[in-house]
Every structure is written in structure tokens, then in C-alpha cells.
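Read through the structure below, which is laid out as C-alpha cells, and then see the notes.
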Amino acid sequence: MSGHTPGPWTVRAGSFPYDALESFAVCYEIVMPLGPVISKANGQLIEAAPDLYDAAVWVLHNAHGISKSGEDGVSQEEENASWAALMAATKKAEGR
């Protein structure tokens with residue numbers, strides 16, 4: 001993948017005022033390493049992160065003979081579907 005800000009990235013908790021009563025809410029911010037920030041590519045990577053994680057976990061389970069439902073044994077169709085999900089998530093992260 002190209003165009004995104006390379007890691008490592010970190011996440012830290014913070015707080016910010018969100019109304020006139022000076023109440024505070026917890027928020028998270030992504031802290032990227034120094035360097036050029038390419039907003040579109042970073043946004044695509046962040047948006048695709050949940051899909052990438054889910055697909056990667058699915059592929060890893062399948063590699064150990066565990067289906068998405070948690071049962072032993074993986075059909076060829078499920079294995080193919082898990083790889084297709086991972087490829088789709090990768091394309092999403094790349095903006096394709």
C-alpha cells in the first residue's frame with residue numbers, strides 16, 4: 001500500500017469540552033509519526049481497519065481449521081470466502 005503515513009501509530013485517551021456547561025467526554029485521537037499526512041490515504045486505511053481485522057481473524061481461524069462460527073472444520077467455500085473478504089478489505093484500504 002502506498003500513500004498512507006507509515007506507522008507505528010498510537011492511540012491515546014483524552015478529553016474535550018463538548019457543551020457550554022464545560023462537561024467533558026472521553027475521546028481518542030490517533031497520533032501519527034512525524035512526516036507528511038496524506039489525509040485521503042490515511043482515512044481509507046482507518047476506515048478499512050475493522051474490515052481488515054475481521055477478515056484477518058477469519059483467515060487465521062480457517063488456517064487452524066476453525067470455521068467462522070467457531071466449529072471445527074472449514075469448507076472450501078468458507079476458506080475461499082475468507083480470502084475474498086481479506087482481499088476486498090485490502091482493496092478498500094488502498095482506495096480501490
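Labels for the C-alpha cells follow display order: chains A, B, ..., residues from 1 in each chain, ligands from 1.
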
Query raised in the report: If you count only C-alpha atoms, which residues fall within 9 Å of region 53-60 of chain A, apart from same-chain ones fewer than 2 positions away, as JSON, numbers by chain?
Result: {"A": [48, 49, 50, 51, 62, 63, 64, 65, 66, 67, 68, 79, 82, 83, 84, 85, 86, 87, 89]}

Report task. Just the alpha helix (DSSP H) stuff from region 48-90 of chain A, please, per backbone DSSP, written as JSON, numbers by chain. Result -> {"A": [48, 49, 50, 51, 52, 53, 54, 55, 56, 57, 58, 59, 60, 61, 62, 63, 76, 77, 78, 79, 80, 81, 82, 83, 84, 85, 86, 87, 88, 89, 90]}

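For the pair CA of Ala88 (chain A) and CA of Pro8 (chain A), the interatomic distance is 23.5 Å.
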
Query raised in the report: A:Thr5, A:Ala93, A:Gly70, A:His61: which is nearest Gln44 (chain A), counting only C-alpha atoms?
Result: A:Ala93

Report summary line: CA of His4 (chain A) sits from CA of Asn42 (chain A) at a separation of 5.0 Å
